[in-house]
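Undergrad: Structure file model.cif (mmCIF, C-alpha atoms) is given on the next line.
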data_final
loop_
_atom_site.label_atom_id
_atom_site.label_comp_id
_atom_site.auth_asym_id
_atom_site.auth_seq_id
_atom_site.Cartn_x
_atom_site.Cartn_y
_atom_site.Cartn_z
CA MET T 1 0.00 0.00 0.00
CA LYS T 2 1.18 3.45 -0.90
CA ASN T 3 -0.13 6.59 0.71
CA TYR T 4 -0.74 9.77 -1.20
CA GLU T 5 -2.10 13.19 -0.53
CA VAL T 6 -3.46 15.60 -3.11
CA THR T 7 -4.06 19.24 -2.23
CA PHE T 8 -5.85 21.54 -4.62
CA ILE T 9 -7.23 25.07 -4.72
CA VAL T 10 -10.74 25.57 -6.09
CA ASP T 11 -11.86 28.82 -7.67
CA PRO T 12 -13.71 30.85 -4.99
CA VAL T 13 -15.98 32.58 -7.55
CA LEU T 14 -18.05 29.39 -7.87
CA SER T 15 -21.05 28.87 -5.62
CA GLY T 16 -20.74 26.77 -2.48
CA ASP T 17 -22.46 23.77 -4.05
CA GLU T 18 -20.23 23.85 -7.11
CA ILE T 19 -17.12 23.97 -4.95
CA LYS T 20 -18.31 20.96 -2.97
CA ALA T 21 -19.22 19.16 -6.20
CA THR T 22 -15.70 19.76 -7.53
CA ALA T 23 -14.15 18.13 -4.48
CA GLN T 24 -16.68 15.30 -4.66
CA THR T 25 -15.80 14.51 -8.30
CA TYR T 26 -12.21 13.77 -7.29
CA VAL T 27 -13.27 11.69 -4.31
CA ASP T 28 -15.49 9.69 -6.67
CA HIS T 29 -12.70 9.48 -9.24
CA LEU T 30 -10.36 8.00 -6.64
CA THR T 31 -12.85 5.49 -5.28
CA LYS T 32 -13.62 4.40 -8.85
CA GLU T 33 -9.91 3.75 -9.36
CA GLY T 34 -10.04 1.39 -6.42
CA CYS T 35 -8.24 3.27 -3.69
CA THR T 36 -9.39 3.89 -0.15
CA ILE T 37 -10.00 7.47 0.94
CA VAL T 38 -8.41 8.05 4.32
CA HIS T 39 -9.59 11.58 4.90
CA VAL T 40 -10.95 14.60 3.03
CA ASP T 41 -9.82 17.79 4.67
CA GLU T 42 -11.75 20.91 3.77
CA MET T 43 -9.38 23.68 4.71
CA GLY T 44 -11.79 26.38 3.60
CA LEU T 45 -11.34 29.78 2.03
CA ARG T 46 -7.84 31.14 2.48
CA GLN T 47 -5.97 34.17 1.31
CA LEU T 48 -3.37 33.34 -1.34
CA ALA T 49 0.18 34.55 -0.82
CA TYR T 50 0.26 35.77 -4.42
CA PRO T 51 -2.47 36.09 -7.06
CA ILE T 52 -3.23 33.06 -9.26
CA ASN T 53 -5.35 33.70 -12.38
CA LYS T 54 -6.09 37.16 -10.96
CA ARG T 55 -7.70 35.63 -7.86
CA THR T 56 -6.43 36.57 -4.42
CA SER T 57 -8.19 33.84 -2.43
CA GLY T 58 -9.02 30.18 -2.90
CA VAL T 59 -10.80 27.24 -1.34
CA TYR T 60 -8.32 24.60 -0.24
CA TYR T 61 -9.05 20.89 -0.22
CA CYS T 62 -6.78 18.06 0.82
CA ILE T 63 -7.58 14.42 0.07
CA GLU T 64 -5.50 11.72 1.70
CA PHE T 65 -5.81 8.26 0.18
CA SER T 66 -3.99 4.99 -0.18
CA SER T 67 -3.76 2.66 -3.14
CA GLU T 68 -1.93 -0.47 -4.24
CA THR T 69 -0.36 1.07 -7.33
CA GLY T 70 0.76 4.54 -8.29
CA GLU T 71 -0.66 4.35 -11.81
CA LEU T 72 -3.80 6.28 -11.02
CA ILE T 73 -1.81 9.40 -10.16
CA SER T 74 -1.18 10.33 -13.78
CA SER T 75 -4.87 10.08 -14.67
CA LEU T 76 -5.80 12.06 -11.57
CA GLU T 77 -3.31 14.79 -12.41
CA LEU T 78 -4.53 14.95 -15.99
CA ALA T 79 -8.09 15.44 -14.76
CA LEU T 80 -6.93 18.18 -12.39
CA TYR T 81 -4.97 19.90 -15.15
CA ARG T 82 -7.99 19.91 -17.46
CA ASP T 83 -10.41 21.13 -14.81
CA GLU T 84 -10.92 24.88 -15.04
CA ARG T 85 -12.42 25.03 -11.56
CA VAL T 86 -9.13 23.93 -10.02
CA MET T 87 -6.57 26.73 -9.85
CA ARG T 88 -3.60 24.81 -8.49
CA PHE T 89 -2.88 21.32 -7.18
CA LEU T 90 -0.10 19.31 -5.62
CA SER T 91 0.05 15.55 -5.21
CA VAL T 92 2.54 14.14 -2.75
CA LYS T 93 3.51 10.66 -1.68
CA LEU T 94 3.48 10.33 2.10
CA ASP T 95 6.10 8.44 4.04
CA LYS T 96 5.19 6.60 7.24
CA TYR T 97 5.87 9.69 9.32
CA GLY T 98 3.54 11.74 7.13
CA VAL T 99 0.72 9.25 7.64
CA LYS T 100 1.31 9.32 11.39
CA TYR T 101 1.46 13.11 11.41
CA ASN T 102 -1.88 13.40 9.61
CA GLN T 103 -3.45 10.86 11.97
CA ASP T 104 -2.17 12.76 14.99
CA LYS T 105 -3.36 16.03 13.54
CA ARG T 106 -6.87 14.66 13.14
CA ASP T 107 -6.79 13.46 16.74
CA GLY T 108 -5.74 16.93 17.83
CA LYS T 109 -2.34 15.94 19.16
CA ILE T 110 -0.22 18.11 16.89
CA GLY T 111 -1.58 21.55 17.66
CA LYS T 112 -0.54 21.37 21.29
CA VAL T 113 3.10 20.57 20.56
CA LYS T 114 3.45 23.47 18.20
CA LYS T 115 1.80 25.90 20.56
CA LYS T 116 4.36 25.04 23.20
CA GLU T 117 7.19 25.72 20.80
CA LYS T 118 5.68 29.01 19.76
CA LYS T 119 5.21 30.04 23.36
CA SER T 120 8.81 29.36 24.24
CA LYS T 121 9.89 31.27 21.16
CA GLY T 122 7.59 34.14 22.06
CA ARG T 123 9.03 34.27 25.53
CA GLY T 124 12.55 34.57 24.22
CA GLN T 125 11.59 37.41 21.95
CA ASP T 126 9.58 39.11 24.66
CA SER T 127 12.37 39.02 27.17
CA ARG T 128 14.67 40.54 24.59
CA SER T 129 12.36 43.28 23.42
CA ASN T 130 10.75 44.12 26.76
CA SER T 131 13.86 43.70 28.89
CA ASN T 132 13.31 47.09 30.45
CA SER T 133 9.68 46.67 31.34
CA ASN T 134 9.90 43.04 32.52
CA LYS T 135 12.96 43.35 34.72
CA ALA T 136 11.38 41.42 37.53
CA LYS T 137 10.03 38.63 35.29
CA ALA T 138 12.91 38.17 32.90
CA PRO T 139 15.52 36.62 35.22
CA ALA T 140 12.96 34.40 36.93
CA LYS T 141 11.80 32.65 33.75
CA PRO T 142 15.03 31.48 32.09
CA ALA T 143 16.63 30.45 35.37
CA PRO T 144 14.58 27.29 36.02
CA LYS T 145 15.08 26.17 32.42
CA LYS T 146 18.82 26.24 32.75
CA ALA T 147 18.76 24.75 36.23
CA ALA T 148 17.23 21.51 34.98
CA PRO T 149 20.07 20.25 32.75
CA ALA T 150 22.98 22.00 34.46
CA PRO T 151 24.34 21.07 37.91
CA ALA T 152 23.00 23.25 40.70
CA PRO T 153 25.96 25.50 41.64
CA LYS T 154 26.66 26.50 38.06
CA ALA T 155 23.04 27.43 37.52
CA GLU T 156 23.18 29.69 40.55
CA VAL T 157 26.23 31.43 39.21
CA LYS T 158 24.44 31.89 35.91
CA ALA T 159 21.40 33.29 37.62
CA GLU T 160 23.54 35.74 39.52
CA ALA T 161 25.33 36.72 36.36
CA LYS T 162 21.98 37.30 34.71
CA ALA T 163 20.87 39.46 37.58
CA GLU T 164 24.04 41.50 37.20
CA GLU T 165 23.37 41.82 33.49
CA GLU T 166 19.97 43.24 34.19
CA GLU T 167 21.39 45.79 36.61
CA MET A 1 36.49 30.54 53.61
CA ALA A 2 34.84 31.45 50.41
CA SER A 3 33.48 28.41 48.64
CA ARG A 4 33.10 28.09 44.90
CA ASP A 5 29.54 29.41 45.05
CA ASP A 6 30.49 32.66 46.76
CA ILE A 7 32.97 33.80 44.13
CA LYS A 8 31.63 36.73 42.18
CA PHE A 9 33.15 37.62 38.86
CA LEU A 10 33.99 41.21 38.13
CA SER A 11 32.90 40.81 34.53
CA ASN A 12 30.15 38.48 33.41
CA PRO A 13 31.86 35.26 32.22
CA ASN A 14 28.95 34.43 29.94
CA ILE A 15 29.42 37.47 27.73
CA GLY A 16 30.92 36.61 24.40
CA LYS A 17 29.98 32.94 24.72
CA LYS A 18 27.95 31.73 21.78
CA ARG A 19 24.75 29.88 22.52
CA GLN A 20 24.91 26.30 21.35
CA LYS A 21 22.72 25.74 18.28
CA TYR A 22 20.72 22.56 17.96
CA CYS A 23 18.40 20.88 15.51
CA ARG A 24 14.89 21.30 16.87
CA PHE A 25 13.59 18.35 14.84
CA ARG A 26 16.13 16.04 16.39
CA LYS A 27 15.62 17.48 19.85
CA TYR A 28 11.82 17.33 19.90
CA GLY A 29 11.50 14.24 17.71
CA ILE A 30 9.60 15.88 14.85
CA LYS A 31 9.77 13.45 11.95
CA TYR A 32 7.48 15.06 9.38
CA ILE A 33 7.37 18.67 8.25
CA ASP A 34 3.95 19.71 7.01
CA TYR A 35 3.87 21.91 3.92
CA LYS A 36 0.29 22.95 4.74
CA ASP A 37 1.37 24.79 7.88
CA PRO A 38 2.80 28.13 6.72
CA ASP A 39 2.99 29.58 10.24
CA PHE A 40 5.47 26.91 11.25
CA LEU A 41 7.53 27.24 8.06
CA LEU A 42 7.75 30.99 8.58
CA GLN A 43 10.40 30.30 11.23
CA PHE A 44 12.78 29.04 8.54
CA VAL A 45 12.62 31.93 6.07
CA ASN A 46 13.88 35.48 6.23
CA ASP A 47 11.65 38.49 5.66
CA GLN A 48 12.18 38.26 1.92
CA GLY A 49 10.77 34.72 2.02
CA LYS A 50 14.12 33.05 1.35
CA VAL A 51 15.04 29.83 3.15
CA LEU A 52 17.48 30.51 5.96
CA PRO A 53 20.79 28.65 5.84
CA ARG A 54 21.66 25.83 8.19
CA ARG A 55 24.30 27.90 9.92
CA ILE A 56 21.54 30.16 11.25
CA THR A 57 18.71 27.70 11.90
CA GLY A 58 21.00 24.99 13.28
CA ASN A 59 19.01 22.22 11.55
CA SER A 60 20.70 18.97 10.73
CA LEU A 61 21.23 18.29 7.04
CA LYS A 62 18.44 15.72 6.85
CA TYR A 63 15.83 18.08 8.24
CA GLN A 64 17.13 21.17 6.47
CA ARG A 65 16.43 19.35 3.20
CA LYS A 66 12.94 18.48 4.39
CA VAL A 67 12.33 22.08 5.45
CA ALA A 68 13.46 23.30 2.03
CA THR A 69 11.10 20.95 0.16
CA ALA A 70 8.24 21.84 2.50
CA VAL A 71 8.81 25.55 1.86
CA LYS A 72 8.89 24.96 -1.88
CA ARG A 73 5.64 22.99 -1.76
CA ALA A 74 4.01 25.69 0.32
CA ARG A 75 5.10 28.28 -2.24
CA HIS A 76 3.58 26.29 -5.08
CA LEU A 77 0.26 26.16 -3.23
CA ALA A 78 0.37 29.94 -2.59
CA MET A 79 0.59 29.42 1.15
CA MET A 80 3.92 31.21 1.19
CA PRO A 81 5.14 33.89 -1.21
CA TYR A 82 7.91 33.34 -3.75
CA VAL A 83 9.09 36.93 -3.50
CA THR A 84 8.17 39.59 -0.97
CA ASP A 85 9.44 42.27 1.29
CA LEU A 86 8.58 42.70 4.93
CA LEU A 87 7.14 39.22 5.37
CA LYS A 88 7.53 39.39 9.15
#
Any chance you could give the structure as structure tokens?
TA:
Amino acid sequence: MKNYEVTFIVDPVLSGDEIKATAQTYVDHLTKEGCTIVHVDEMGLRQLAYPINKRTSGVYYCIEFSSETGELISSLELALYRDERVMRFLSVKLDKYGVKYNQDKRDGKIGKVKKKEKKSKGRGQDSRSNSNSNKAKAPAKPAPKKAAPAPAPKAEVKAEAKAEEEE
Amino acid sequence: MASRDDIKFLSNPNIGKKRQKYCRFRKYGIKYIDYKDPDFLLQFVNDQGKVLPRRITGNSLKYQRKVATAVKRARHLAMMPYVTDLLK
């Protein structure tokens, strides 16, 4: 079994029913070819980073499916190329990590991990930019982080040094 | 007597020391980089939308390649710009 994922952008000028019908045609196309649809992700109307065919927004769809052979991809891509309702598409073969990632994302496990990363990043930037306003907070936050991996006395020295820096 | 902990340095010994870079994918065990997540990929491009080099991001070669392909896929799908100014 090989896992694939095809993402495409549908013209937003079409009515809601037509947009849904467009996505449905490809789901039907794939099932007819004998592959199993894992998930159809409707990502909704999004702003494009640059205009395509003089349109500045598009409706994103992502279909994840698995099939025994890769022969159907060429016919699928040909259909997508010929379809005027589809502005842009990308078909990708997923490795085992990709399949797991998508599964985790559907279960809602992924969002949390990324939020944590973003928070830690945000903190770093905040402490840099607002070093004057957050004098009291700034030394308190990084200290426990460093204390965990480093042996205790060194961490204390570091904390003191940080305090001196602030002064 | 003054123990090791009581010694205070006149100048901060940490100044001038470079922070150790690390590959965040290795460290946090991220195996797959999603091209449909432009907010995440924004961390690996400069404000012109160019991919940052490894010497700045600290990524390992394996994951830097994956980041680069993910950014290119995102660009194709108009989730990230090919050329801009003031992206961030």
Undergrad: Report the residues retrieved by the PyMOL selection byres ((chain A) within 6 of (chain T)) from the displayed file, expressed as a PyMOL selection string.
TA: chain A and resi 12+32+78-81
Undergrad: For the structure provided, state which residues fall under the PyMOL selection byres ((chain A and resi 45) around 12), and present them as a ChimeraX atom specification.
TA: /A:38-44,46-54,56-57,64,67-68,70-72,75,80-88
Undergrad: Written as a PyMOL selection string, which residues does the PyMOL selection byres ((chain T and resi 70) around 10) give for the file shown?
TA: chain T and resi 1-4+66-69+71-74+93
Undergrad: Can you work out the spacing between CA of Asp28 (chain T) and CA of Val40 (chain T) in Å, to one decimal?
TA: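 Taking CA of Asp28 (chain T) and CA of Val40 (chain T), their separation equals 11.8 Å.
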Undergrad: Tell me, in Å to one decimal, how far CA of His29 (chain T) is from CA of Val10 (chain T).
TA: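 Interatomic distance here is 16.5 Å.
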Undergrad: Could you tell me how far CA of Tyr61 (chain T) lies from CA of Val6 (chain T), in Å and to one decimal?
TA: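 Spanning CA of Tyr61 (chain T) to CA of Val6 (chain T) is a straight-line distance of 8.2 Å.
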Undergrad: Which residue, T:Asp107, T:Asp17, T:Glu77, T:Asp83, has the smallest gap to Leu30 (chain T) when you use all atoms listed in the file?
TA: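 Closest residue, counting all atoms listed in the file: T:Glu77.
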Undergrad: Just the residues within 7 Å of region 23-26 of chain A, please, counting only C-alpha atoms, with nothing from its chain fewer than 4 positions along; format it as a PDB file with C-alpha atoms, keeping the file's coordinate frame.
TA:
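Output file around_14.pdb follows:
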ATOM      1  CA  ILE A  30       9.600  15.880  14.850  1.00  0.00           C
ATOM      2  CA  LYS A  31       9.770  13.450  11.950  1.00  0.00           C
ATOM      3  CA  GLY A  58      21.000  24.990  13.280  1.00  0.00           C
ATOM      4  CA  ASN A  59      19.010  22.220  11.550  1.00  0.00           C
ATOM      5  CA  SER A  60      20.700  18.970  10.730  1.00  0.00           C
ATOM      6  CA  TYR A  63      15.830  18.080   8.240  1.00  0.00           C
TER       7      TYR A  63
END
